[in-house]
file start.pdb (PDB, C-alpha atoms)
ATOM      1  CA  MET O   1       7.091 117.178 213.692
ATOM      2  CA  SER O   2       8.131 115.195 210.613
ATOM      3  CA  LYS O   3       7.065 111.649 209.767
ATOM      4  CA  THR O   4      10.433 110.254 210.854
ATOM      5  CA  GLU O   5      10.150 111.468 214.468
ATOM      6  CA  LYS O   6       8.002 110.437 217.409
ATOM      7  CA  PRO O   7       7.793 111.953 220.904
ATOM      8  CA  LEU O   8       9.491 110.188 223.804
ATOM      9  CA  SER O   9       8.173 111.325 227.169
ATOM     10  CA  THR O  10       9.661 110.916 230.673
ATOM     11  CA  LEU O  11       8.857 112.431 234.062
ATOM     12  CA  TRP O  12      11.125 115.125 235.468
ATOM     13  CA  GLY O  13      11.036 116.753 238.871
ATOM     14  CA  CYS O  14      13.061 118.605 241.475
ATOM     15  CA  GLU O  15      12.887 119.912 245.030
ATOM     16  CA  LEU O  16      13.749 123.500 245.970
ATOM     17  CA  ASN O  17      14.493 124.271 249.640
ATOM     18  CA  GLU O  18      16.832 126.290 251.900
ATOM     19  CA  SER O  19      19.884 124.193 251.046
ATOM     20  CA  ASN O  20      19.044 123.788 247.333
ATOM     21  CA  LYS O  21      17.588 127.101 246.120
ATOM     22  CA  GLU O  22      18.256 126.481 242.407
ATOM     23  CA  GLU O  23      17.735 123.561 240.024
ATOM     24  CA  SER O  24      18.408 123.488 236.259
ATOM     25  CA  PHE O  25      17.074 121.421 233.389
ATOM     26  CA  LYS O  26      19.679 121.038 230.646
ATOM     27  CA  THR O  27      20.377 118.538 227.924
ATOM     28  CA  ASP O  28      23.562 117.929 225.969
ATOM     29  CA  ASP O  29      21.770 115.964 223.240
ATOM     30  CA  THR O  30      21.793 118.044 220.053
ATOM     31  CA  ASN O  31      20.380 115.271 217.826
ATOM     32  CA  HIS O  32      16.833 115.591 219.193
ATOM     33  CA  GLN O  33      14.515 118.476 219.950
ATOM     34  CA  HIS O  34      13.780 118.706 223.716
ATOM     35  CA  GLN O  35      10.951 120.349 225.614
ATOM     36  CA  LEU O  36      10.006 120.581 229.296
ATOM     37  CA  ALA O  37       6.230 120.666 229.822
ATOM     38  CA  LEU O  38       5.486 121.926 233.349
ATOM     39  CA  ARG O  39       2.601 120.251 235.192
ATOM     40  CA  THR O  40       2.493 121.168 238.899
ATOM     41  CA  MET O  41       4.332 122.985 241.640
ATOM     42  CA  CYS O  42       3.468 122.276 245.275
ATOM     43  CA  LEU O  43       4.678 122.753 248.825
ATOM     44  CA  GLY O  44       5.900 119.835 250.912
ATOM     45  CA  HIS O  45       4.192 118.843 254.155
ATOM     46  CA  THR O  46       6.945 120.469 256.251
ATOM     47  CA  ALA O  47       6.517 123.930 254.657
ATOM     48  CA  LYS O  48       6.385 126.865 257.067
ATOM     49  CA  ASP O  49       3.611 129.462 257.189
ATOM     50  CA  GLU O  50       5.345 131.818 254.726
ATOM     51  CA  PHE O  51       5.220 132.807 251.085
ATOM     52  CA  ASN O  52       7.423 130.766 248.734
ATOM     53  CA  ILE O  53       8.138 132.500 245.422
ATOM     54  CA  VAL O  54       9.562 130.424 242.579
ATOM     55  CA  GLU O  55      11.023 132.134 239.550
ATOM     56  CA  LEU O  56      12.013 130.781 236.171
ATOM     57  CA  VAL O  57      15.308 131.760 234.560
ATOM     58  CA  THR O  58      15.652 131.107 230.832
ATOM     59  CA  GLY O  59      18.974 131.044 229.035
ATOM     60  CA  GLU O  60      22.384 129.930 230.283
ATOM     61  CA  GLY O  61      23.149 132.588 232.872
ATOM     62  CA  ASN O  62      24.324 135.153 230.328
ATOM     63  CA  SER O  63      23.347 138.810 230.350
ATOM     64  CA  ASN O  64      20.204 138.027 228.287
ATOM     65  CA  ALA O  65      18.835 135.678 230.980
ATOM     66  CA  LYS O  66      15.585 136.901 232.503
ATOM     67  CA  ALA O  67      14.060 135.781 235.791
ATOM     68  CA  VAL O  68      10.260 135.652 235.850
ATOM     69  CA  PRO O  69       8.230 134.662 238.941
ATOM     70  CA  ILE O  70       5.882 131.827 237.939
ATOM     71  CA  ALA O  71       4.394 130.753 241.294
ATOM     72  CA  THR O  72       3.708 132.181 244.730
ATOM     73  CA  LEU O  73       2.805 129.387 247.142
ATOM     74  CA  HIS O  74       1.570 129.573 250.738
ATOM     75  CA  ALA O  75       0.852 126.619 253.034
ATOM     76  CA  LYS O  76      -2.576 127.876 254.161
ATOM     77  CA  SER O  77      -3.956 129.617 251.079
ATOM     78  CA  MET O  78      -2.292 128.114 247.967
ATOM     79  CA  PRO O  79      -0.210 124.990 248.579
ATOM     80  CA  THR O  80      -0.254 123.860 244.932
ATOM     81  CA  VAL O  81      -0.538 125.359 241.467
ATOM     82  CA  ASN O  82      -1.315 123.778 238.082
ATOM     83  CA  LEU O  83       1.105 124.898 235.374
ATOM     84  CA  SER O  84      -0.195 122.777 232.474
ATOM     85  CA  GLY O  85       0.296 124.496 229.147
ATOM     86  CA  LEU O  86       3.658 126.027 230.066
ATOM     87  CA  ASP O  87       6.151 124.375 227.712
ATOM     88  CA  LEU O  88       9.824 125.376 227.896
ATOM     89  CA  HIS O  89      12.923 124.700 225.807
ATOM     90  CA  PRO O  90      16.157 123.966 227.704
ATOM     91  CA  PRO O  91      18.181 125.256 229.360
ATOM     92  CA  VAL O  92      15.874 126.526 232.122
ATOM     93  CA  THR O  93      16.519 127.102 235.822
ATOM     94  CA  PHE O  94      14.034 127.128 238.695
ATOM     95  CA  ARG O  95      14.998 129.343 241.621
ATOM     96  CA  LEU O  96      13.407 129.678 245.066
ATOM     97  CA  LYS O  97      13.535 133.477 245.329
ATOM     98  CA  HIS O  98      11.762 133.792 248.688
ATOM     99  CA  GLY O  99      10.831 131.264 251.360
ATOM    100  CA  SER O 100      12.357 128.060 252.674
ATOM    101  CA  GLY O 101      10.242 125.453 250.865
ATOM    102  CA  PRO O 102      10.261 122.602 250.265
ATOM    103  CA  VAL O 103       8.732 123.252 246.837
ATOM    104  CA  PHE O 104       8.335 120.334 244.437
ATOM    105  CA  VAL O 105       8.309 120.932 240.678
ATOM    106  CA  GLY O 106       6.720 118.265 238.457
ATOM    107  CA  ALA O 107       7.158 118.263 234.680
ATOM    108  CA  GLU O 108       7.297 116.087 231.584
ATOM    109  CA  HIS O 109      10.483 115.907 229.495
ATOM    110  CA  VAL O 110       9.563 115.387 225.824
ATOM    111  CA  ALA O 111      12.207 114.497 223.234
ATOM    112  CA  LEU O 112      11.611 113.729 219.571
ATOM    113  CA  GLU O 113      13.081 110.348 218.665
ATOM    114  CA  GLU O 114      13.558 108.926 215.162
ATOM    115  CA  TYR O 115      11.501 105.948 213.935
ATOM    116  CA  SER O 116      13.156 102.694 212.962
ATOM    117  CA  ASP O 117      12.532 101.390 209.410
ATOM    118  CA  GLU O 118      10.036  98.772 210.656
ATOM    119  CA  GLU O 119       7.955 101.354 212.535
ATOM    120  CA  GLU O 120       8.008 103.609 209.473
ATOM    121  CA  LEU O 121       6.605 100.796 207.301
ATOM    122  CA  ASP O 122       3.837 100.165 209.855
ATOM    123  CA  GLU O 123       2.871 103.847 209.745
ATOM    124  CA  GLU O 124       2.777 103.839 205.931
ATOM    125  CA  MET O 125       0.517 100.748 205.986
ATOM    126  CA  ASP O 126      -1.831 102.482 208.453
ATOM    127  CA  GLU O 127      -2.026 105.529 206.170
ATOM    128  CA  GLU O 128      -2.907 103.328 203.166
ATOM    129  CA  VAL O 129      -5.700 101.621 205.133
ATOM    130  CA  GLU O 130      -7.107 105.032 206.144
ATOM    131  CA  GLU O 131      -7.092 106.172 202.498
ATOM    132  CA  GLU O 132      -8.948 103.008 201.427
ATOM    133  CA  GLU O 133     -11.570 103.546 204.132
ATOM    134  CA  GLU O 134     -12.154 107.096 202.890
ATOM    135  CA  ASP O 135     -12.745 105.798 199.347
ATOM    136  CA  ILE O 136     -15.560 103.452 200.434
ATOM    137  CA  GLU O 137     -18.953 105.084 199.936
ATOM    138  CA  GLU O 138     -21.186 105.396 202.960
ATOM    139  CA  SER O 139     -24.514 103.528 202.926
ATOM    140  CA  PRO O 140     -27.641 105.718 202.792
ATOM    141  CA  VAL O 141     -29.186 106.633 206.136
ATOM    142  CA  LYS O 142     -32.417 104.791 206.933
ATOM    143  CA  LYS O 143     -35.372 106.738 208.270
ATOM    144  CA  VAL O 144     -36.640 105.794 211.711
ATOM    145  CA  THR O 145     -40.404 105.240 211.986
ATOM    146  CA  LYS O 146     -42.465 105.232 215.200
ATOM    147  CA  ASN O 147     -45.369 102.909 216.008
ATOM    148  CA  SER O 148     -48.636 104.849 215.616
ATOM    149  CA  ALA O 149     -47.516 108.163 217.112
ATOM    150  CA  GLY O 150     -45.523 106.666 219.988
ATOM    151  CA  LYS O 151     -48.382 104.650 221.583
ATOM    152  CA  ARG O 152     -47.454 101.707 223.740
ATOM    153  CA  LYS O 153     -48.419  98.202 222.838
ATOM    154  CA  LYS O 154     -50.944  96.672 225.232
ATOM    155  CA  PRO O 155     -49.672  93.607 227.085
ATOM    156  CA  GLU O 156     -51.346  90.309 226.298
ATOM    157  CA  LYS O 157     -53.332  88.364 228.900
ATOM    158  CA  GLY O 158     -50.538  85.850 229.460
ATOM    159  CA  GLU O 159     -48.168  88.636 230.414
ATOM    160  CA  ASP O 160     -50.638  90.082 232.979
ATOM    161  CA  GLU O 161     -51.028  86.730 234.700
ATOM    162  CA  GLU O 162     -47.265  86.289 234.955
ATOM    163  CA  ALA O 163     -46.887  89.736 236.511
ATOM    164  CA  SER O 164     -49.460  88.974 239.245
ATOM    165  CA  ASP O 165     -47.633  85.881 240.565
ATOM    166  CA  GLY O 166     -47.073  85.569 244.303
ATOM    167  CA  GLU O 167     -43.425  86.591 243.906
ATOM    168  CA  ASN O 168     -44.123  89.962 242.341
ATOM    169  CA  PRO O 169     -46.650  92.240 244.061
ATOM    170  CA  PRO O 170     -49.175  93.945 241.779
ATOM    171  CA  LYS O 171     -48.006  97.209 240.289
ATOM    172  CA  LYS O 172     -49.665 100.464 241.285
ATOM    173  CA  GLY O 173     -51.322 102.426 238.591
ATOM    174  CA  LYS O 174     -54.361 102.752 236.459
ATOM    175  CA  GLY O 175     -56.639  99.700 236.512
ATOM    176  CA  ARG O 176     -54.486  97.559 238.782
ATOM    177  CA  GLY O 177     -55.909  96.225 242.025
ATOM    178  CA  ARG O 178     -59.541  97.129 241.222
ATOM    179  CA  LYS O 179     -62.195  94.502 241.600
ATOM    180  CA  ALA O 180     -64.489  93.802 238.685
ATOM    181  CA  LYS O 181     -68.107  94.879 239.218
ATOM    182  CA  ALA O 182     -70.577  92.012 239.335
TER     183      ALA O 182
END
call {"tool": "encode", "arguments": {"input": "start.pdb", "output": "structure tokens"}}
result
Amino acid sequence: MSKTEKPLSTLWGCELNESNKEESFKTDDTNHQHQLALRTMCLGHTAKDEFNIVELVTGEGNSNAKAVPIATLHAKSMPTVNLSGLDLHPPVTFRLKHGSGPVFVGAEHVALEEYSDEEELDEEMDEEVEEEEEDIEESPVKKVTKNSAGKRKKPEKGEDEEASDGENPPKKGKGRGRKAKA
């Protein structure tokens, strides 16, 4: 990705079922680079107790097009599948090879869009600020010291009296609640 482009992301989805066994993702825009990032594929709530096999066809239906099964879904054992990390370049076609669905495909359509001049100037300013921050020397690290090997400070008498007020019951532990010997 060059400095003059930024990603523009939108949601994309389709439903495959008995009446619509095939759905394609195409784009006619040749000015931007497009990508379809698959996220999930799941069965609808009306799916029958059968296997639903979804295959992916890359290419534009020519002799080089290959169909590859990417998900086998079943209502009782695997109603959904996570496909994150599968990024495709259009044109691609999803086909319900076996089963009646409905199968829902969820994806993210990413297109690279050019910056305007104002946004480009803002990015250059941010880069200059980052360079200046790198030039500033870091202050030396101070050593942390502990009070006499981690011993606790004894509370003063005033603090003990406040703790034994009527509102707060005395705390259990060493030395609390014992009567002084006469």
call {"tool": "residues_around", "arguments": {"input": "start.pdb", "residues": "stretch 17-31 of chain O", "least_positions_apart": "2", "cutoff": "10 Å", "atoms": "all atoms listed in the file", "output": "ChimeraX atom specification"}}
result
/O:12-15,33-36,43-44,47,52,54-58,60,88-105,109,111-114
call {"tool": "atom_distance", "arguments": {"input": "start.pdb", "atom1": "atom CA of O:Phe51", "atom2": "atom CA of O:Leu11"}}
result
26.8 Å
call {"tool": "closest_residue", "arguments": {"input": "start.pdb", "among": "O:His32, O:Ala75, O:Lys66, O:Val81", "to": "O:Lys6", "atoms": "all atoms listed in the file"}}
result
O:His32
call {"tool": "closest_residue", "arguments": {"input": "start.pdb", "among": "O:His74, O:Thr80, O:Gly85, O:Gly106", "to": "O:Lys48", "atoms": "only C-alpha atoms"}}
result
O:His74
call {"tool": "closest_residue", "arguments": {"input": "start.pdb", "among": "O:Ala37, O:Ala107, O:Ile53, O:Leu83", "to": "O:Leu16", "atoms": "all atoms listed in the file"}}
result
O:Ile53
call {"tool": "atom_distance", "arguments": {"input": "start.pdb", "atom1": "atom CA of O:Ser9", "atom2": "atom CA of O:Val110"}}
result
4.5 Å
call {"tool": "atom_distance", "arguments": {"input": "start.pdb", "atom1": "atom CA of O:Met78", "atom2": "atom CA of O:Arg39"}}
result
15.8 Å
call {"tool": "axis_aligned_box", "arguments": {"input": "start.pdb", "around": "stretch 40-58 of chain O", "padding_each_side": "3 Å", "output": "lines of an AutoDock Vina configuration file"}}
result
center_x = 9.1
center_y = 125.8
center_z = 244.0
size_x = 19.2
size_y = 20.0
size_z = 32.4
call {"tool": "decode", "arguments": {"input": "start.pdb", "residues": "stretch 91-114 of chain O", "atoms": "N, CA, C and O atoms", "output": "PDB file, in the first residue's frame"}}
result
ATOM      1  N   PRO O  91     -13.015 -11.488  -9.455  1.00  0.00           N
ATOM      2  CA  PRO O  91     -14.352 -11.994  -9.159  1.00  0.00           C
ATOM      3  C   PRO O  91     -14.305 -13.361  -8.481  1.00  0.00           C
ATOM      4  O   PRO O  91     -13.467 -14.192  -8.800  1.00  0.00           O
ATOM      5  N   VAL O  92     -15.218 -13.572  -7.528  1.00  0.00           N
ATOM      6  CA  VAL O  92     -15.367 -14.865  -6.860  1.00  0.00           C
ATOM      7  C   VAL O  92     -16.855 -15.209  -6.807  1.00  0.00           C
ATOM      8  O   VAL O  92     -17.701 -14.323  -6.749  1.00  0.00           O
ATOM      9  N   THR O  93     -17.148 -16.498  -6.818  1.00  0.00           N
ATOM     10  CA  THR O  93     -18.530 -16.969  -6.768  1.00  0.00           C
ATOM     11  C   THR O  93     -18.659 -18.016  -5.669  1.00  0.00           C
ATOM     12  O   THR O  93     -17.814 -18.906  -5.550  1.00  0.00           O
ATOM     13  N   PHE O  94     -19.719 -17.883  -4.872  1.00  0.00           N
ATOM     14  CA  PHE O  94     -20.043 -18.864  -3.843  1.00  0.00           C
ATOM     15  C   PHE O  94     -21.185 -19.710  -4.376  1.00  0.00           C
ATOM     16  O   PHE O  94     -22.181 -19.182  -4.861  1.00  0.00           O
ATOM     17  N   ARG O  95     -21.041 -21.032  -4.256  1.00  0.00           N
ATOM     18  CA  ARG O  95     -22.049 -21.940  -4.799  1.00  0.00           C
ATOM     19  C   ARG O  95     -22.429 -22.961  -3.733  1.00  0.00           C
ATOM     20  O   ARG O  95     -21.568 -23.571  -3.102  1.00  0.00           O
ATOM     21  N   LEU O  96     -23.743 -23.152  -3.552  1.00  0.00           N
ATOM     22  CA  LEU O  96     -24.261 -24.183  -2.658  1.00  0.00           C
ATOM     23  C   LEU O  96     -24.294 -25.480  -3.449  1.00  0.00           C
ATOM     24  O   LEU O  96     -25.194 -25.721  -4.240  1.00  0.00           O
ATOM     25  N   LYS O  97     -23.252 -26.312  -3.260  1.00  0.00           N
ATOM     26  CA  LYS O  97     -23.098 -27.535  -4.045  1.00  0.00           C
ATOM     27  C   LYS O  97     -24.071 -28.622  -3.601  1.00  0.00           C
ATOM     28  O   LYS O  97     -24.601 -29.369  -4.406  1.00  0.00           O
ATOM     29  N   HIS O  98     -24.297 -28.722  -2.287  1.00  0.00           N
ATOM     30  CA  HIS O  98     -25.178 -29.759  -1.752  1.00  0.00           C
ATOM     31  C   HIS O  98     -25.955 -29.167  -0.589  1.00  0.00           C
ATOM     32  O   HIS O  98     -25.428 -28.404   0.204  1.00  0.00           O
ATOM     33  N   GLY O  99     -27.220 -29.520  -0.475  1.00  0.00           N
ATOM     34  CA  GLY O  99     -28.058 -29.046   0.614  1.00  0.00           C
ATOM     35  C   GLY O  99     -29.010 -27.960   0.137  1.00  0.00           C
ATOM     36  O   GLY O  99     -28.935 -27.485  -0.991  1.00  0.00           O
ATOM     37  N   SER O 100     -29.933 -27.593   1.035  1.00  0.00           N
ATOM     38  CA  SER O 100     -30.946 -26.602   0.669  1.00  0.00           C
ATOM     39  C   SER O 100     -30.798 -25.281   1.407  1.00  0.00           C
ATOM     40  O   SER O 100     -31.532 -24.344   1.142  1.00  0.00           O
ATOM     41  N   GLY O 101     -29.854 -25.216   2.363  1.00  0.00           N
ATOM     42  CA  GLY O 101     -29.613 -23.956   3.070  1.00  0.00           C
ATOM     43  C   GLY O 101     -30.730 -23.635   4.042  1.00  0.00           C
ATOM     44  O   GLY O 101     -31.432 -24.523   4.483  1.00  0.00           O
ATOM     45  N   PRO O 102     -30.930 -22.392   4.368  1.00  0.00           N
ATOM     46  CA  PRO O 102     -30.185 -21.226   3.912  1.00  0.00           C
ATOM     47  C   PRO O 102     -28.807 -21.120   4.577  1.00  0.00           C
ATOM     48  O   PRO O 102     -28.661 -21.393   5.760  1.00  0.00           O
ATOM     49  N   VAL O 103     -27.822 -20.725   3.774  1.00  0.00           N
ATOM     50  CA  VAL O 103     -26.465 -20.486   4.254  1.00  0.00           C
ATOM     51  C   VAL O 103     -26.178 -19.000   4.059  1.00  0.00           C
ATOM     52  O   VAL O 103     -26.382 -18.465   2.972  1.00  0.00           O
ATOM     53  N   PHE O 104     -25.711 -18.355   5.118  1.00  0.00           N
ATOM     54  CA  PHE O 104     -25.381 -16.937   5.069  1.00  0.00           C
ATOM     55  C   PHE O 104     -23.870 -16.765   5.059  1.00  0.00           C
ATOM     56  O   PHE O 104     -23.171 -17.347   5.890  1.00  0.00           O
ATOM     57  N   VAL O 105     -23.378 -15.965   4.109  1.00  0.00           N
ATOM     58  CA  VAL O 105     -21.952 -15.683   3.989  1.00  0.00           C
ATOM     59  C   VAL O 105     -21.736 -14.238   4.426  1.00  0.00           C
ATOM     60  O   VAL O 105     -22.412 -13.332   3.920  1.00  0.00           O
ATOM     61  N   GLY O 106     -20.823 -14.026   5.361  1.00  0.00           N
ATOM     62  CA  GLY O 106     -20.487 -12.682   5.837  1.00  0.00           C
ATOM     63  C   GLY O 106     -19.039 -12.380   5.516  1.00  0.00           C
ATOM     64  O   GLY O 106     -18.155 -13.187   5.768  1.00  0.00           O
ATOM     65  N   ALA O 107     -18.800 -11.182   4.941  1.00  0.00           N
ATOM     66  CA  ALA O 107     -17.441 -10.810   4.544  1.00  0.00           C
ATOM     67  C   ALA O 107     -17.263  -9.301   4.653  1.00  0.00           C
ATOM     68  O   ALA O 107     -18.216  -8.560   4.920  1.00  0.00           O
ATOM     69  N   GLU O 108     -16.033  -8.869   4.428  1.00  0.00           N
ATOM     70  CA  GLU O 108     -15.683  -7.456   4.447  1.00  0.00           C
ATOM     71  C   GLU O 108     -15.069  -7.096   3.098  1.00  0.00           C
ATOM     72  O   GLU O 108     -14.099  -7.714   2.678  1.00  0.00           O
ATOM     73  N   HIS O 109     -15.668  -6.123   2.414  1.00  0.00           N
ATOM     74  CA  HIS O 109     -15.153  -5.653   1.128  1.00  0.00           C
ATOM     75  C   HIS O 109     -14.196  -4.502   1.415  1.00  0.00           C
ATOM     76  O   HIS O 109     -14.570  -3.486   1.981  1.00  0.00           O
ATOM     77  N   VAL O 110     -12.922  -4.678   1.034  1.00  0.00           N
ATOM     78  CA  VAL O 110     -11.892  -3.669   1.272  1.00  0.00           C
ATOM     79  C   VAL O 110     -11.432  -3.132  -0.080  1.00  0.00           C
ATOM     80  O   VAL O 110     -11.040  -3.896  -0.956  1.00  0.00           O
ATOM     81  N   ALA O 111     -11.485  -1.792  -0.212  1.00  0.00           N
ATOM     82  CA  ALA O 111     -11.004  -1.133  -1.426  1.00  0.00           C
ATOM     83  C   ALA O 111     -10.001  -0.067  -1.012  1.00  0.00           C
ATOM     84  O   ALA O 111     -10.174   0.591   0.016  1.00  0.00           O
ATOM     85  N   LEU O 112      -8.945   0.095  -1.775  1.00  0.00           N
ATOM     86  CA  LEU O 112      -7.963   1.128  -1.486  1.00  0.00           C
ATOM     87  C   LEU O 112      -8.401   2.410  -2.160  1.00  0.00           C
ATOM     88  O   LEU O 112      -8.623   2.453  -3.364  1.00  0.00           O
ATOM     89  N   GLU O 113      -8.539   3.471  -1.358  1.00  0.00           N
ATOM     90  CA  GLU O 113      -9.011   4.758  -1.845  1.00  0.00           C
ATOM     91  C   GLU O 113      -7.890   5.776  -1.710  1.00  0.00           C
ATOM     92  O   GLU O 113      -7.121   5.732  -0.757  1.00  0.00           O
ATOM     93  N   GLU O 114      -7.820   6.737  -2.641  1.00  0.00           N
ATOM     94  CA  GLU O 114      -6.749   7.728  -2.610  1.00  0.00           C
ATOM     95  C   GLU O 114      -7.050   8.805  -1.586  1.00  0.00           C
ATOM     96  O   GLU O 114      -8.185   9.180  -1.367  1.00  0.00           O
TER      97      GLU O 114
END
